[in-house]
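One file, target_27.pdb, carrying PDB, N, CA and C atoms and all ligand atoms:
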```pdb
MODEL        1
ATOM      1  N   MET X   4     154.036 133.254 110.097
ATOM      2  CA  MET X   4     153.194 132.078 110.225
ATOM      3  C   MET X   4     152.013 132.424 111.124
ATOM      4  N   SER X   5     150.823 131.972 110.764
ATOM      5  CA  SER X   5     149.652 132.305 111.560
ATOM      6  C   SER X   5     149.576 131.446 112.805
ATOM      7  N   GLY X   6     148.787 131.877 113.812
ATOM      8  CA  GLY X   6     148.736 131.249 115.109
ATOM      9  C   GLY X   6     148.419 129.767 115.107
ATOM     10  N   TRP X   7     147.426 129.343 114.345
ATOM     11  CA  TRP X   7     147.030 127.939 114.414
ATOM     12  C   TRP X   7     148.141 127.024 113.923
ATOM     13  N   ARG X   8     148.954 127.488 113.017
ATOM     14  CA  ARG X   8     150.049 126.639 112.520
ATOM     15  C   ARG X   8     151.101 126.406 113.600
ATOM     16  N   ASP X   9     151.217 127.369 114.520
ATOM     17  CA  ASP X   9     152.209 127.219 115.586
ATOM     18  C   ASP X   9     151.867 126.075 116.529
ATOM     19  N   LYS X  10     150.586 125.740 116.645
ATOM     20  CA  LYS X  10     150.195 124.642 117.542
ATOM     21  C   LYS X  10     149.868 123.349 116.783
ATOM     22  N   ALA X  11     150.150 123.329 115.487
ATOM     23  CA  ALA X  11     149.838 122.156 114.671
ATOM     24  C   ALA X  11     150.662 120.939 115.087
ATOM     25  N   ALA X  12     150.000 119.798 115.176
ATOM     26  CA  ALA X  12     150.683 118.549 115.521
ATOM     27  C   ALA X  12     151.730 118.186 114.472
ATOM     28  N   CYS X  13     151.517 118.613 113.238
ATOM     29  CA  CYS X  13     152.425 118.252 112.150
ATOM     30  C   CYS X  13     153.591 119.232 112.007
ATOM     31  N   ARG X  14     153.635 120.190 112.860
ATOM     32  CA  ARG X  14     154.621 121.267 112.717
ATOM     33  C   ARG X  14     156.060 120.752 112.558
ATOM     34  N   ASP X  15     156.426 119.745 113.321
ATOM     35  CA  ASP X  15     157.792 119.220 113.246
ATOM     36  C   ASP X  15     157.851 117.838 112.603
ATOM     37  N   MET X  16     156.798 117.491 111.867
ATOM     38  CA  MET X  16     156.752 116.184 111.211
ATOM     39  C   MET X  16     157.170 116.332 109.755
ATOM     40  N   ASP X  17     157.492 115.202 109.151
ATOM     41  CA  ASP X  17     157.851 115.188 107.735
ATOM     42  C   ASP X  17     156.623 115.583 106.898
ATOM     43  N   PRO X  18     156.688 116.668 106.146
ATOM     44  CA  PRO X  18     155.523 117.102 105.354
ATOM     45  C   PRO X  18     155.057 116.050 104.351
ATOM     46  N   ASP X  19     155.977 115.191 103.903
ATOM     47  CA  ASP X  19     155.582 114.160 102.931
ATOM     48  C   ASP X  19     154.502 113.230 103.481
ATOM     49  N   LEU X  20     154.462 113.085 104.808
ATOM     50  CA  LEU X  20     153.452 112.221 105.426
ATOM     51  C   LEU X  20     152.048 112.694 105.065
ATOM     52  N   PHE X  21     151.889 113.991 104.843
ATOM     53  CA  PHE X  21     150.559 114.563 104.582
ATOM     54  C   PHE X  21     150.224 114.620 103.094
ATOM     55  N   PHE X  22     151.106 114.008 102.312
ATOM     56  CA  PHE X  22     150.848 113.815 100.882
ATOM     57  C   PHE X  22     151.068 112.331 100.600
ATOM     58  N   PRO X  23     150.210 111.497 101.222
ATOM     59  CA  PRO X  23     150.453 110.052 101.218
ATOM     60  C   PRO X  23     150.267 109.435  99.829
ATOM     61  N   THR X  24     151.042 108.371  99.614
ATOM     62  CA  THR X  24     150.911 107.624  98.359
ATOM     63  C   THR X  24     150.355 106.225  98.611
ATOM     64  N   THR X  25     150.214 105.847  99.883
ATOM     65  CA  THR X  25     149.618 104.549 100.219
ATOM     66  C   THR X  25     148.564 104.760 101.302
ATOM     67  N   SER X  26     147.704 103.773 101.442
ATOM     68  CA  SER X  26     146.654 103.884 102.459
ATOM     69  C   SER X  26     147.247 103.854 103.862
ATOM     70  N   SER X  27     148.356 103.140 104.063
ATOM     71  CA  SER X  27     148.953 103.117 105.403
ATOM     72  C   SER X  27     149.566 104.479 105.740
ATOM     73  N   GLU X  28     150.158 105.137 104.751
ATOM     74  CA  GLU X  28     150.669 106.498 104.996
ATOM     75  C   GLU X  28     149.514 107.436 105.313
ATOM     76  N   GLU X  29     148.434 107.282 104.599
ATOM     77  CA  GLU X  29     147.284 108.155 104.834
ATOM     78  C   GLU X  29     146.722 107.935 106.231
ATOM     79  N   ARG X  30     146.688 106.697 106.672
ATOM     80  CA  ARG X  30     146.204 106.414 108.034
ATOM     81  C   ARG X  30     147.065 107.127 109.070
ATOM     82  N   LEU X  31     148.394 107.128 108.870
ATOM     83  CA  LEU X  31     149.286 107.815 109.800
ATOM     84  C   LEU X  31     149.004 109.312 109.822
ATOM     85  N   ALA X  32     148.781 109.889 108.656
ATOM     86  CA  ALA X  32     148.486 111.319 108.586
ATOM     87  C   ALA X  32     147.168 111.630 109.282
ATOM     88  N   LEU X  33     146.162 110.816 109.026
ATOM     89  CA  LEU X  33     144.848 111.056 109.640
ATOM     90  C   LEU X  33     144.913 110.865 111.153
ATOM     91  N   LYS X  34     145.764 109.947 111.603
ATOM     92  CA  LYS X  34     145.946 109.733 113.047
ATOM     93  C   LYS X  34     146.585 110.972 113.683
ATOM     94  N   ALA X  35     147.565 111.549 113.005
ATOM     95  CA  ALA X  35     148.194 112.780 113.518
ATOM     96  C   ALA X  35     147.165 113.902 113.583
ATOM     97  N   CYS X  36     146.355 114.033 112.550
ATOM     98  CA  CYS X  36     145.325 115.078 112.527
ATOM     99  C   CYS X  36     144.328 114.895 113.675
ATOM    100  N   ALA X  37     143.983 113.647 113.952
ATOM    101  CA  ALA X  37     142.984 113.382 114.997
ATOM    102  C   ALA X  37     143.452 113.861 116.361
ATOM    103  N   GLN X  38     144.772 113.968 116.546
ATOM    104  CA  GLN X  38     145.328 114.407 117.832
ATOM    105  C   GLN X  38     145.768 115.868 117.795
ATOM    106  N   CYS X  39     145.463 116.559 116.731
ATOM    107  CA  CYS X  39     145.984 117.911 116.523
ATOM    108  C   CYS X  39     145.079 118.976 117.162
ATOM    109  N   PRO X  40     145.642 119.860 117.971
ATOM    110  CA  PRO X  40     144.828 120.918 118.578
ATOM    111  C   PRO X  40     144.374 121.981 117.580
ATOM    112  N   ALA X  41     144.924 121.938 116.376
ATOM    113  CA  ALA X  41     144.567 122.944 115.364
ATOM    114  C   ALA X  41     143.681 122.371 114.264
ATOM    115  N   ILE X  42     143.059 121.216 114.522
ATOM    116  CA  ILE X  42     142.325 120.540 113.443
ATOM    117  C   ILE X  42     141.187 121.409 112.878
ATOM    118  N   CYS X  43     140.478 122.127 113.727
ATOM    119  CA  CYS X  43     139.356 122.938 113.232
ATOM    120  C   CYS X  43     139.851 124.088 112.350
ATOM    121  N   GLU X  44     140.884 124.769 112.807
ATOM    122  CA  GLU X  44     141.431 125.883 112.021
ATOM    123  C   GLU X  44     142.012 125.378 110.703
ATOM    124  N   CYS X  45     142.692 124.235 110.757
ATOM    125  CA  CYS X  45     143.286 123.663 109.556
ATOM    126  C   CYS X  45     142.200 123.267 108.549
ATOM    127  N   ALA X  46     141.146 122.632 109.043
ATOM    128  CA  ALA X  46     140.047 122.227 108.160
ATOM    129  C   ALA X  46     139.381 123.455 107.537
ATOM    130  N   ARG X  47     139.226 124.509 108.344
ATOM    131  CA  ARG X  47     138.631 125.745 107.821
ATOM    132  C   ARG X  47     139.512 126.362 106.741
ATOM    133  N   TYR X  48     140.818 126.375 106.976
ATOM    134  CA  TYR X  48     141.752 126.905 105.982
ATOM    135  C   TYR X  48     141.626 126.109 104.673
ATOM    136  N   ALA X  49     141.586 124.786 104.791
ATOM    137  CA  ALA X  49     141.491 123.942 103.595
ATOM    138  C   ALA X  49     140.192 124.208 102.837
ATOM    139  N   ALA X  50     139.102 124.400 103.586
ATOM    140  CA  ALA X  50     137.816 124.660 102.935
ATOM    141  C   ALA X  50     137.817 126.002 102.210
ATOM    142  N   GLU X  51     138.531 126.968 102.763
ATOM    143  CA  GLU X  51     138.578 128.311 102.170
ATOM    144  C   GLU X  51     139.626 128.431 101.072
ATOM    145  N   HIS X  52     140.515 127.435 100.987
ATOM    146  CA  HIS X  52     141.593 127.473  99.989
ATOM    147  C   HIS X  52     141.620 126.160  99.220
ATOM    148  N   ASP X  53     140.471 125.807  98.633
ATOM    149  CA  ASP X  53     140.415 124.521  97.950
ATOM    150  C   ASP X  53     141.196 124.520  96.636
ATOM    151  N   ARG X  54     141.639 125.674  96.206
ATOM    152  CA  ARG X  54     142.526 125.752  95.043
ATOM    153  C   ARG X  54     143.658 126.719  95.389
ATOM    154  N   ILE X  55     144.874 126.322  95.055
ATOM    155  CA  ILE X  55     146.034 127.184  95.255
ATOM    156  C   ILE X  55     146.726 127.339  93.911
ATOM    157  N   ASN X  56     146.860 128.572  93.470
ATOM    158  CA  ASN X  56     147.427 128.872  92.153
ATOM    159  C   ASN X  56     146.690 128.118  91.046
ATOM    160  N   GLY X  57     145.387 127.951  91.219
ATOM    161  CA  GLY X  57     144.574 127.316  90.188
ATOM    162  C   GLY X  57     144.508 125.800  90.281
ATOM    163  N   TYR X  58     145.293 125.211  91.168
ATOM    164  CA  TYR X  58     145.321 123.753  91.277
ATOM    165  C   TYR X  58     144.594 123.304  92.540
ATOM    166  N   PRO X  59     143.913 122.147  92.480
ATOM    167  CA  PRO X  59     143.215 121.662  93.670
ATOM    168  C   PRO X  59     144.187 121.434  94.824
ATOM    169  N   LEU X  60     143.755 121.777  96.005
ATOM    170  CA  LEU X  60     144.557 121.548  97.202
ATOM    171  C   LEU X  60     144.834 120.053  97.337
ATOM    172  N   GLN X  61     146.073 119.714  97.535
ATOM    173  CA  GLN X  61     146.479 118.310  97.621
ATOM    174  C   GLN X  61     146.678 117.897  99.078
ATOM    175  N   GLY X  62     146.709 116.609  99.312
ATOM    176  CA  GLY X  62     147.118 116.089 100.603
ATOM    177  C   GLY X  62     146.029 116.076 101.662
ATOM    178  N   VAL X  63     146.475 115.766 102.877
ATOM    179  CA  VAL X  63     145.586 115.687 104.043
ATOM    180  C   VAL X  63     145.653 117.005 104.795
ATOM    181  N   TRP X  64     144.491 117.578 105.027
ATOM    182  CA  TRP X  64     144.363 118.830 105.801
ATOM    183  C   TRP X  64     143.195 118.661 106.763
ATOM    184  N   GLY X  65     143.373 119.016 107.985
ATOM    185  CA  GLY X  65     142.267 119.004 108.940
ATOM    186  C   GLY X  65     141.592 117.649 109.063
ATOM    187  N   GLY X  66     142.347 116.585 108.930
ATOM    188  CA  GLY X  66     141.781 115.259 109.079
ATOM    189  C   GLY X  66     140.943 114.806 107.895
ATOM    190  N   VAL X  67     141.141 115.455 106.746
ATOM    191  CA  VAL X  67     140.363 115.119 105.545
ATOM    192  C   VAL X  67     141.320 114.944 104.371
ATOM    193  N   ASN X  68     141.145 113.856 103.643
ATOM    194  CA  ASN X  68     141.989 113.660 102.468
ATOM    195  C   ASN X  68     141.371 114.347 101.245
ATOM    196  N   ARG X  69     142.105 114.366 100.171
ATOM    197  CA  ARG X  69     141.669 115.108  98.990
ATOM    198  C   ARG X  69     140.345 114.585  98.428
ATOM    199  N   THR X  70     140.188 113.260  98.406
ATOM    200  CA  THR X  70     138.962 112.677  97.850
ATOM    201  C   THR X  70     137.740 113.119  98.652
ATOM    202  N   ARG X  71     137.849 113.035  99.971
ATOM    203  CA  ARG X  71     136.713 113.469 100.818
ATOM    204  C   ARG X  71     136.443 114.953 100.670
ATOM    205  N   ARG X  72     137.511 115.735 100.564
ATOM    206  CA  ARG X  72     137.358 117.180 100.417
ATOM    207  C   ARG X  72     136.656 117.499  99.090
ATOM    208  N   ARG X  73     137.056 116.799  98.029
ATOM    209  CA  ARG X  73     136.451 117.015  96.712
ATOM    210  C   ARG X  73     134.978 116.636  96.738
ATOM    211  N   ASN X  74     134.645 115.515  97.383
ATOM    212  CA  ASN X  74     133.255 115.078  97.448
ATOM    213  C   ASN X  74     132.392 116.074  98.220
ATOM    214  N   ARG X  75     132.983 116.682  99.250
ATOM    215  CA  ARG X  75     132.235 117.692 100.016
ATOM    216  C   ARG X  75     131.917 118.914  99.166
ATOM    217  N   ASN X  76     132.836 119.250  98.251
ATOM    218  CA  ASN X  76     132.689 120.470  97.456
ATOM    219  C   ASN X  76     131.822 120.280  96.223
ATOM    220  N   GLU X  77     131.438 119.037  95.920
ATOM    221  CA  GLU X  77     130.626 118.800  94.716
ATOM    222  C   GLU X  77     129.145 118.970  94.996
TER     223      GLU X  77
HETATM  224  S1  LIG D 101     144.939 118.921 111.292
HETATM  225 FE1  LIG D 101     146.534 117.632 110.407
HETATM  226  S2  LIG D 101     147.331 118.713 108.618
HETATM  227 FE2  LIG D 101     146.169 120.175 109.871
HETATM  228  S3  LIG D 101     147.653 121.176 111.160
HETATM  229 FE3  LIG D 101     146.849 119.446 112.307
HETATM  230  S4  LIG D 101     148.182 117.681 111.915
HETATM  231 FE4  LIG D 101     148.620 119.290 110.383
ENDMDL
END
```
As structure tokens - that is how I would like this structure written.
Ligand code: SF4
Amino acid sequence: MSGWRDKAACRDMDPDLFFPTTSSEERLALKACAQCPAICECARYAAEHDRINGYPLQGVWGGVNRTRRRNRNE
């Protein structure tokens, strides 16, 4: 595991939280990201890996949801 993941706020959290299906779940994920000491590294990773195995990166990464990430890349 790389260094930034070791200090991630979500490290011991339920991963499903970061693949929200409701706006309230998404708010919780974004709140966790806002307090995360690894937010910059995580956001950079997401920007550099916008597709994994040919599929768009899903979920919340670096305080950004999929819709915002997609809009940034267009
Ligand atoms: S920014 Fe969010 S998704 Fe990324 S490591 Fe931190 S808590 Fe996890």
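Closest approach to Pro40 in chain X from the set X:Asp17, X:Thr24, X:Tyr58, X:Ala12 is made by X:Ala12, with distances taken over only N, CA and C atoms.
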Exercise for review: Select the residues contacting ligand LIG 101 (chain D) at a distance of at most 5 Å, based on only N, CA and C atoms and all ligand atoms, then format the selection as number ranges by chain.
Suggested key: X: 11-13, 35-36, 39, 41-42, 45, 63-66
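The space separating CA of Val67 in chain X from CA of Leu33 in chain X comes to 7.3 Å.
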**Study point:** DSSP alpha helix (DSSP H) residues within chain X, listed as a PyMOL selection string
**Key:** chain X and resi 6-9+26-37+42-51+69-76
Find the axis-aligned box for range 38-52 of chain X, covering all its listed atoms and adding 3 Å on each side, and write its centre and edge lengths in Å to one decimal as lines of an AutoDock Vina configuration file.
```
center_x = 141.9
center_y = 121.2
center_z = 108.9
size_x = 14.2
size_y = 20.5
size_z = 25.4
```
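Our summary of the geometry notes that atom N of Asn74 in chain X is positioned 15.1 Å from atom N of Ile55 in chain X.
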Point to revise | Sel. within 7 Å of pt (150.5, 112.6, 98.4), counting all atoms listed in the file, output as a VMD selection string | key: chain X and resid 19 to 25 61 to 63
